[in-house]
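Shown next: upload.cif, containing mmCIF, C-alpha atoms.
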data_model
loop_
_atom_site.label_atom_id
_atom_site.label_comp_id
_atom_site.auth_asym_id
_atom_site.auth_seq_id
_atom_site.Cartn_x
_atom_site.Cartn_y
_atom_site.Cartn_z
CA GLN A 283 -25.79 42.43 -25.00
CA ARG A 284 -28.99 41.10 -26.59
CA LEU A 285 -30.18 44.42 -28.06
CA PRO A 286 -27.10 46.68 -28.15
CA ASP A 287 -28.28 49.01 -30.92
CA LYS A 288 -31.89 49.36 -29.78
CA ILE A 289 -32.95 52.69 -28.28
CA ALA A 290 -33.12 52.42 -24.51
CA PHE A 291 -33.92 55.98 -23.38
CA ALA A 292 -34.77 59.03 -25.44
CA ASN A 293 -36.38 62.45 -25.48
CA GLU A 294 -37.63 64.54 -28.37
CA SER A 295 -34.10 65.57 -29.41
CA MET A 296 -31.73 62.66 -28.70
CA SER A 297 -31.57 58.99 -27.79
CA MET A 298 -29.20 56.50 -26.18
CA THR A 299 -28.94 52.87 -27.23
CA PHE A 300 -28.43 50.10 -24.70
CA ARG A 301 -24.80 49.91 -25.83
CA GLU A 302 -24.32 53.63 -25.14
CA VAL A 303 -26.05 53.45 -21.75
CA LEU A 304 -23.85 50.50 -20.77
CA ARG A 305 -20.65 52.26 -21.83
CA VAL A 306 -21.47 55.54 -20.09
CA SER A 307 -22.71 53.98 -16.88
CA ARG A 308 -19.63 51.75 -16.57
CA ASN A 309 -17.43 54.79 -17.16
CA ILE A 310 -19.20 56.76 -14.42
CA GLY A 311 -19.11 53.83 -12.02
CA SER A 312 -15.38 53.45 -12.58
CA VAL A 313 -14.75 57.14 -11.84
CA LEU A 314 -16.64 56.89 -8.54
CA LEU A 315 -14.73 53.77 -7.55
CA ARG A 316 -11.36 55.31 -8.42
CA LYS A 317 -12.26 58.29 -6.23
CA GLY A 318 -13.08 56.02 -3.31
CA TYR A 319 -16.87 56.38 -3.17
CA GLN A 320 -18.54 53.21 -1.86
CA ARG A 321 -21.91 52.38 -0.24
CA GLU A 322 -22.87 56.04 0.11
CA PRO A 323 -25.31 58.49 -1.47
CA VAL A 324 -24.35 60.18 -4.73
CA VAL A 325 -26.67 63.00 -5.73
CA ILE A 326 -27.68 63.26 -9.39
CA TYR A 327 -28.57 66.92 -9.90
CA MET A 328 -29.31 67.29 -13.61
CA GLU A 329 -31.94 68.29 -16.12
CA LYS A 330 -34.48 65.61 -16.94
CA HIS A 331 -32.64 63.89 -19.78
CA PRO A 332 -31.51 60.40 -20.90
CA HIS A 333 -28.06 61.32 -19.58
CA MET A 334 -29.53 61.59 -16.09
CA ILE A 335 -30.78 58.00 -16.35
CA ALA A 336 -27.35 56.77 -17.46
CA ALA A 337 -25.89 58.54 -14.42
CA PHE A 338 -28.28 56.57 -12.19
CA TRP A 339 -26.87 53.27 -13.44
CA GLY A 340 -23.33 54.57 -13.16
CA VAL A 341 -23.84 55.17 -9.45
CA VAL A 342 -25.29 51.67 -9.05
CA TYR A 343 -22.24 50.19 -10.82
CA SER A 344 -20.06 51.74 -8.11
CA ASN A 345 -22.09 50.05 -5.37
CA CYS A 346 -23.28 53.45 -4.20
CA PHE A 347 -26.91 54.58 -4.31
CA TYR A 348 -28.25 57.46 -6.35
CA VAL A 349 -30.37 60.36 -5.09
CA PRO A 350 -32.14 62.17 -7.94
CA ILE A 351 -32.70 65.92 -7.76
CA ASP A 352 -34.38 67.85 -10.56
CA GLU A 353 -33.17 71.30 -11.57
CA GLU A 354 -36.80 72.52 -11.36
CA MET A 355 -37.10 71.62 -7.66
CA PRO A 356 -37.33 74.61 -5.27
CA ALA A 357 -33.95 75.64 -3.89
CA PHE A 358 -35.24 75.43 -0.32
CA ARG A 359 -36.22 71.78 -0.79
CA ILE A 360 -32.84 70.94 -2.35
CA ALA A 361 -31.05 72.64 0.54
CA LEU A 362 -32.98 70.51 3.05
CA ILE A 363 -32.07 67.35 1.14
CA PHE A 364 -28.38 68.29 1.22
CA GLN A 365 -28.62 68.95 4.96
CA ASN A 366 -30.17 65.51 5.45
CA LEU A 367 -27.80 63.54 3.22
CA LYS A 368 -24.48 65.32 3.64
CA PRO A 369 -23.30 63.78 0.33
CA ARG A 370 -19.64 63.77 -0.63
CA ALA A 371 -20.34 63.84 -4.39
CA VAL A 372 -22.86 65.37 -6.78
CA ILE A 373 -23.07 64.62 -10.51
CA CYS A 374 -24.18 67.69 -12.48
CA ASP A 375 -24.60 68.84 -16.06
CA GLU A 376 -23.66 72.19 -17.58
CA VAL A 377 -26.95 73.75 -16.45
CA THR A 378 -26.81 72.66 -12.81
CA CYS A 379 -23.09 72.71 -12.02
CA GLU A 380 -23.18 76.40 -11.09
CA GLN A 381 -26.47 76.10 -9.22
CA VAL A 382 -25.15 73.51 -6.78
CA LYS A 383 -22.37 75.82 -5.65
CA VAL A 384 -24.83 78.15 -3.90
CA PHE A 385 -25.86 75.56 -1.32
CA ARG A 386 -23.89 76.27 1.83
CA ASP A 387 -24.48 72.80 3.25
CA PHE A 388 -22.66 71.11 0.38
CA ASP A 389 -18.88 71.13 0.43
CA GLY A 390 -18.27 67.89 -1.47
CA GLU A 391 -17.04 67.17 -4.98
CA ILE A 392 -18.89 68.30 -8.09
CA LEU A 393 -18.55 65.83 -10.94
CA LEU A 394 -19.50 67.01 -14.42
CA TYR A 395 -21.40 64.38 -16.42
CA SER A 396 -19.80 65.37 -19.72
CA GLU A 397 -16.36 64.64 -18.27
CA ILE A 398 -16.87 61.52 -16.16
CA SER A 399 -19.01 59.83 -18.82
CA GLU A 400 -15.96 59.75 -21.12
CA GLU A 401 -13.46 58.43 -18.58
CA PRO A 402 -12.31 54.86 -19.31
CA ALA A 403 -14.05 51.98 -17.55
CA ASP A 404 -12.12 49.80 -15.12
CA SER A 405 -13.45 46.27 -15.44
CA GLY A 406 -11.47 45.05 -12.44
CA LYS A 407 -12.87 47.66 -10.05
CA LEU A 408 -16.40 47.19 -11.42
CA SER A 409 -16.23 43.41 -10.93
CA ALA A 410 -14.88 43.81 -7.40
CA ALA A 411 -17.68 46.24 -6.55
CA ARG A 412 -20.25 43.78 -7.88
CA ASP A 413 -18.74 41.00 -5.77
CA ARG A 414 -19.13 43.16 -2.66
CA SER A 415 -22.78 43.90 -3.37
CA ILE A 416 -25.60 42.18 -1.50
CA ASP A 417 -29.33 42.17 -2.15
CA THR A 418 -30.14 44.55 0.70
CA ASP A 419 -27.74 47.26 -0.47
CA PRO A 420 -29.67 50.43 -1.42
CA VAL A 421 -30.21 51.26 -5.09
CA TYR A 422 -31.62 54.75 -4.59
CA ILE A 423 -33.13 57.20 -2.12
CA VAL A 424 -36.08 59.38 -3.09
CA PHE A 425 -37.40 62.12 -0.86
CA THR A 426 -40.99 62.76 0.17
CA SER A 427 -42.62 66.08 -0.68
CA GLY A 428 -41.92 67.47 2.78
CA SER A 429 -45.45 68.82 3.10
CA THR A 430 -45.43 68.00 6.83
CA GLY A 431 -42.00 69.48 7.47
CA ILE A 432 -38.56 68.27 6.38
CA PRO A 433 -38.45 65.96 3.33
CA LYS A 434 -37.74 62.38 4.38
CA GLY A 435 -35.56 60.01 2.38
CA VAL A 436 -37.00 56.62 1.47
CA ALA A 437 -34.47 53.98 0.45
CA ALA A 438 -35.08 50.98 -1.82
CA CYS A 439 -32.74 48.01 -1.96
CA HIS A 440 -31.84 45.73 -4.87
CA ARG A 441 -34.08 42.90 -3.68
CA SER A 442 -37.14 45.16 -3.42
CA VAL A 443 -36.56 46.75 -6.83
CA ILE A 444 -36.07 43.37 -8.54
CA ASP A 445 -39.22 41.93 -6.94
CA TYR A 446 -41.20 45.01 -7.96
CA VAL A 447 -40.00 45.00 -11.57
CA GLU A 448 -40.48 41.24 -11.98
CA ASN A 449 -44.12 41.56 -10.95
CA LEU A 450 -44.78 44.84 -12.75
CA THR A 451 -43.55 43.66 -16.14
CA GLU A 452 -45.56 40.45 -15.83
CA VAL A 453 -48.80 42.24 -14.93
CA LEU A 454 -48.38 44.93 -17.62
CA GLN A 455 -47.07 42.38 -20.14
CA ILE A 456 -44.10 44.55 -21.04
CA THR A 457 -41.78 43.13 -23.69
CA GLU A 458 -38.98 44.37 -25.93
CA ASP A 459 -41.73 45.62 -28.27
CA SER A 460 -43.09 47.97 -25.61
CA VAL A 461 -42.51 51.69 -26.12
CA LEU A 462 -43.14 53.54 -22.89
CA ALA A 463 -43.75 57.23 -22.27
CA ASN A 464 -42.44 58.54 -18.96
CA GLN A 465 -44.56 61.29 -17.41
CA THR A 466 -43.27 61.86 -13.88
CA PRO A 467 -40.11 63.71 -12.84
CA LEU A 468 -37.12 61.44 -12.39
CA TYR A 469 -36.96 62.27 -8.67
CA PHE A 470 -40.31 60.46 -8.15
CA ASP A 471 -40.22 56.71 -7.63
CA ALA A 472 -43.12 56.43 -10.09
CA CYS A 473 -40.57 56.71 -12.92
CA LEU A 474 -39.27 53.26 -11.98
CA LYS A 475 -42.10 51.70 -13.96
CA GLU A 476 -40.54 52.87 -17.19
CA LEU A 477 -36.83 52.96 -16.38
CA PHE A 478 -36.42 49.52 -14.84
CA SER A 479 -38.90 47.89 -17.21
CA SER A 480 -36.74 49.04 -20.10
CA LEU A 481 -33.68 47.47 -18.50
CA LYS A 482 -35.38 44.15 -17.77
CA CYS A 483 -37.26 43.67 -21.04
CA GLY A 484 -35.28 45.64 -23.60
CA ALA A 485 -38.14 48.10 -24.01
CA THR A 486 -37.74 51.75 -25.04
CA THR A 487 -38.65 54.71 -22.81
CA TYR A 488 -39.30 58.23 -24.08
CA LEU A 489 -39.19 61.14 -21.64
CA THR A 490 -42.34 63.13 -22.37
CA PRO A 491 -41.79 66.91 -22.24
CA LYS A 492 -43.64 68.43 -19.29
CA SER A 493 -44.97 71.24 -21.48
CA LEU A 494 -47.01 68.83 -23.61
CA PHE A 495 -49.38 68.13 -20.74
CA MET A 496 -50.63 71.70 -21.16
CA PHE A 497 -51.42 71.00 -24.83
CA PRO A 498 -53.23 67.64 -25.11
CA VAL A 499 -53.31 67.65 -28.92
CA ARG A 500 -49.54 68.05 -29.08
CA LEU A 501 -49.23 65.31 -26.47
CA ALA A 502 -51.23 62.97 -28.67
CA GLU A 503 -49.00 63.90 -31.62
CA PHE A 504 -45.92 63.06 -29.51
CA LEU A 505 -47.35 59.64 -28.60
CA ASN A 506 -48.15 58.95 -32.26
CA GLU A 507 -44.80 60.16 -33.59
CA TYR A 508 -42.80 57.82 -31.34
CA LYS A 509 -45.33 54.96 -31.54
CA ILE A 510 -45.90 54.90 -27.79
CA ASN A 511 -47.92 51.81 -26.88
CA THR A 512 -47.61 51.74 -23.08
CA VAL A 513 -48.39 54.51 -20.58
CA CYS A 514 -48.42 54.13 -16.81
CA TRP A 515 -49.04 57.68 -15.67
CA VAL A 516 -50.28 59.16 -12.42
CA VAL A 517 -54.05 59.51 -12.16
CA SER A 518 -54.03 63.32 -12.39
CA ALA A 519 -52.31 63.22 -15.80
CA LEU A 520 -54.70 60.60 -17.18
CA THR A 521 -57.71 62.50 -15.81
CA MET A 522 -56.55 65.73 -17.43
CA ILE A 523 -56.21 64.31 -20.94
CA SER A 524 -59.39 62.26 -20.53
CA SER A 525 -61.45 65.33 -19.57
CA MET A 526 -60.32 67.07 -22.75
CA ASN A 527 -61.30 64.14 -25.00
CA THR A 528 -57.75 63.97 -26.32
CA PHE A 529 -58.15 60.39 -27.49
CA ALA A 530 -61.79 60.59 -28.55
#
If you took the structure in this file and wrote it as structure tokens, what would it be?
Amino acid sequence: QRLPDKIAFANESMSMTFREVLRVSRNIGSVLLRKGYQREPVVIYMEKHPHMIAAFWGVVYSNCFYVPIDEEMPAFRIALIFQNLKPRAVICDEVTCEQVKVFRDFDGEILLYSEISEEPADSGKLSAARDRSIDTDPVYIVFTSGSTGIPKGVAACHRSVIDYVENLTEVLQITEDSVLANQTPLYFDACLKELFSSLKCGATTYLTPKSLFMFPVRLAEFLNEYKINTVCWVVSALTMISSMNTFA
């Protein structure tokens, strides 16, 4: 409401303002509520894209919790996650909607983002869902790498996420003037630093194309073009660009 026309999330080809993110996420939350999904996992199986982020918040609006899966993840790992979760609903895009059908352990409902994001919002159902929410309800589940066997789901609740973001934005001094560059896949909890900081402070987050980390000069050009002033990347990414004197 304070910054409706400011860019919230973007990539190199499109962007979504806070107004657009709010509209889409409320629409998606309303669809889930009308279909009877409550306090259960909803898988987001999409390409890394601002639309995927809006789908996250849509699931939260329904008082469910989102489980992000990237279309680049190995099929075997995705199959194990489906076996573990047994979700009743998966939100897909045009690229992933056919892929999800091959997993024998999923027999739930496939919801296409392009369709549910345009369904009308139901303010009454959204308000009722918010009234039922408590601070220990899960926000999301992310899965470990599974290097020791089966991937394990780790849940985070509203209270934990709020405490984390409150402290993070204070330490990093993030404000509405911050322009963040996301580096990690959206199925890693490390992406929370950018996504939730944008929501709290009215900052802007750009999803950095994975391919640019193979070409440090192009990466620097990307950061300059979008006036990125805040990065909070994993050590391996920072070490790589440092070793190549990208910012010398």
Within 9 Å of Ile326 (chain A), counting all atoms listed in the file, which residues qualify if same-chain residues fewer than 6 places away don't, as a compact mmCIF listing (two decimals) with C-alpha atoms, keeping the file's coordinate frame?
# COMPACT_ATOMS: atom_id res chain seq x y z
CA MET A 334 -29.53 61.59 -16.09
CA ALA A 337 -25.89 58.54 -14.42
CA PHE A 338 -28.28 56.57 -12.19
CA VAL A 341 -23.84 55.17 -9.45
CA TYR A 348 -28.25 57.46 -6.35
CA VAL A 349 -30.37 60.36 -5.09
CA PRO A 350 -32.14 62.17 -7.94
CA ILE A 351 -32.70 65.92 -7.76
CA ASP A 352 -34.38 67.85 -10.56
CA ALA A 371 -20.34 63.84 -4.39
CA VAL A 372 -22.86 65.37 -6.78
CA ILE A 373 -23.07 64.62 -10.51
CA CYS A 374 -24.18 67.69 -12.48
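Going from CA of Ala410 (chain A) over to CA of Ala437 (chain A), you cover 23.4 Å.
Take CA of Pro420 (chain A) and CA of Val324 (chain A): the distance between them is 11.6 Å.
Shortest separation to Ser396 (chain A) among A:Val421, A:Val306, A:Pro467, A:Glu476 occurs at residue A:Val306, atoms counted being all atoms listed in the file.
Compared by their closest atoms to Thr487 (chain A), and using only C-alpha atoms, the residues A:Thr521, A:Asn464, A:Ser312, A:Thr457 rank with A:Asn464 nearest.
One finds CA of Glu376 (chain A) at 8.2 Å from CA of Tyr395 (chain A).
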Could you expand the PyMOL selection byres ((chain A and resi 364) around 12) into the explicit residues it covers here, written as a PyMOL selection string? chain A and resi 323-327+349-351+357-363+365-372+382-390+425+432-435
Sorted by chain and rising residue number, list the residues of region 434-468 of chain A at most 10 Å from region 503-512 of chain A (counting only C-alpha atoms), each with its closest atom pair and distance in Å to one decimal, as CSV.
residue,atom,partner,partner_atom,distance
A:Leu454,CA,A:Thr512,CA,8.8
A:Gln455,CA,A:Thr512,CA,9.8
A:Ile456,CA,A:Thr512,CA,8.3
A:Asp459,CA,A:Asn511,CA,8.9
A:Ser460,CA,A:Asn511,CA,6.3
A:Val461,CA,A:Ile510,CA,5.0
A:Leu462,CA,A:Thr512,CA,4.8
A:Ala463,CA,A:Ile510,CA,6.4
A:Asn464,CA,A:Thr512,CA,9.5
Counting only C-alpha atoms, which of A:Leu314, A:Ile423, A:Leu468, A:Leu481 gets nearest to Glu353 (chain A)? A:Leu468
Could you state which residues are captured by the PyMOL selection byres ((chain A and resi 498-502) around 10) in this file, as a PDB file with C-alpha atoms, in the frame of the given file?
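New file expr07.pdb:
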ATOM      1  CA  THR A 490     -42.340  63.130 -22.370  1.00  0.00           C
ATOM      2  CA  PRO A 491     -41.790  66.910 -22.240  1.00  0.00           C
ATOM      3  CA  LYS A 492     -43.640  68.430 -19.290  1.00  0.00           C
ATOM      4  CA  SER A 493     -44.970  71.240 -21.480  1.00  0.00           C
ATOM      5  CA  LEU A 494     -47.010  68.830 -23.610  1.00  0.00           C
ATOM      6  CA  PHE A 495     -49.380  68.130 -20.740  1.00  0.00           C
ATOM      7  CA  MET A 496     -50.630  71.700 -21.160  1.00  0.00           C
ATOM      8  CA  PHE A 497     -51.420  71.000 -24.830  1.00  0.00           C
ATOM      9  CA  GLU A 503     -49.000  63.900 -31.620  1.00  0.00           C
ATOM     10  CA  PHE A 504     -45.920  63.060 -29.510  1.00  0.00           C
ATOM     11  CA  LEU A 505     -47.350  59.640 -28.600  1.00  0.00           C
ATOM     12  CA  ASN A 506     -48.150  58.950 -32.260  1.00  0.00           C
ATOM     13  CA  GLU A 507     -44.800  60.160 -33.590  1.00  0.00           C
ATOM     14  CA  ILE A 510     -45.900  54.900 -27.790  1.00  0.00           C
ATOM     15  CA  MET A 522     -56.550  65.730 -17.430  1.00  0.00           C
ATOM     16  CA  ILE A 523     -56.210  64.310 -20.940  1.00  0.00           C
ATOM     17  CA  SER A 524     -59.390  62.260 -20.530  1.00  0.00           C
ATOM     18  CA  MET A 526     -60.320  67.070 -22.750  1.00  0.00           C
ATOM     19  CA  ASN A 527     -61.300  64.140 -25.000  1.00  0.00           C
ATOM     20  CA  THR A 528     -57.750  63.970 -26.320  1.00  0.00           C
ATOM     21  CA  PHE A 529     -58.150  60.390 -27.490  1.00  0.00           C
TER      22      PHE A 529
END
Give the answer as one residue: which of A:Phe347, A:Asn309, A:Gly318, A:Thr299 has the shortest atom-to-atom distance to Glu391 (chain A), using only C-alpha atoms? A:Gly318
Counting only C-alpha atoms, the residue among A:Gln283, A:Ser344, A:Gln381, A:Ser297 that lies closest to Thr486 (chain A) is A:Ser297
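The closest residue to His331 (chain A), picked from A:Tyr319, A:Tyr343, A:Phe291, A:Trp515 and counting only C-alpha atoms, is A:Phe291.
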Explicit residue set for the PyMOL selection byres ((chain A and resi 307) around 7), as an MDAnalysis selection string: chainID A and resid 303:306 308:311 336:337 339:340
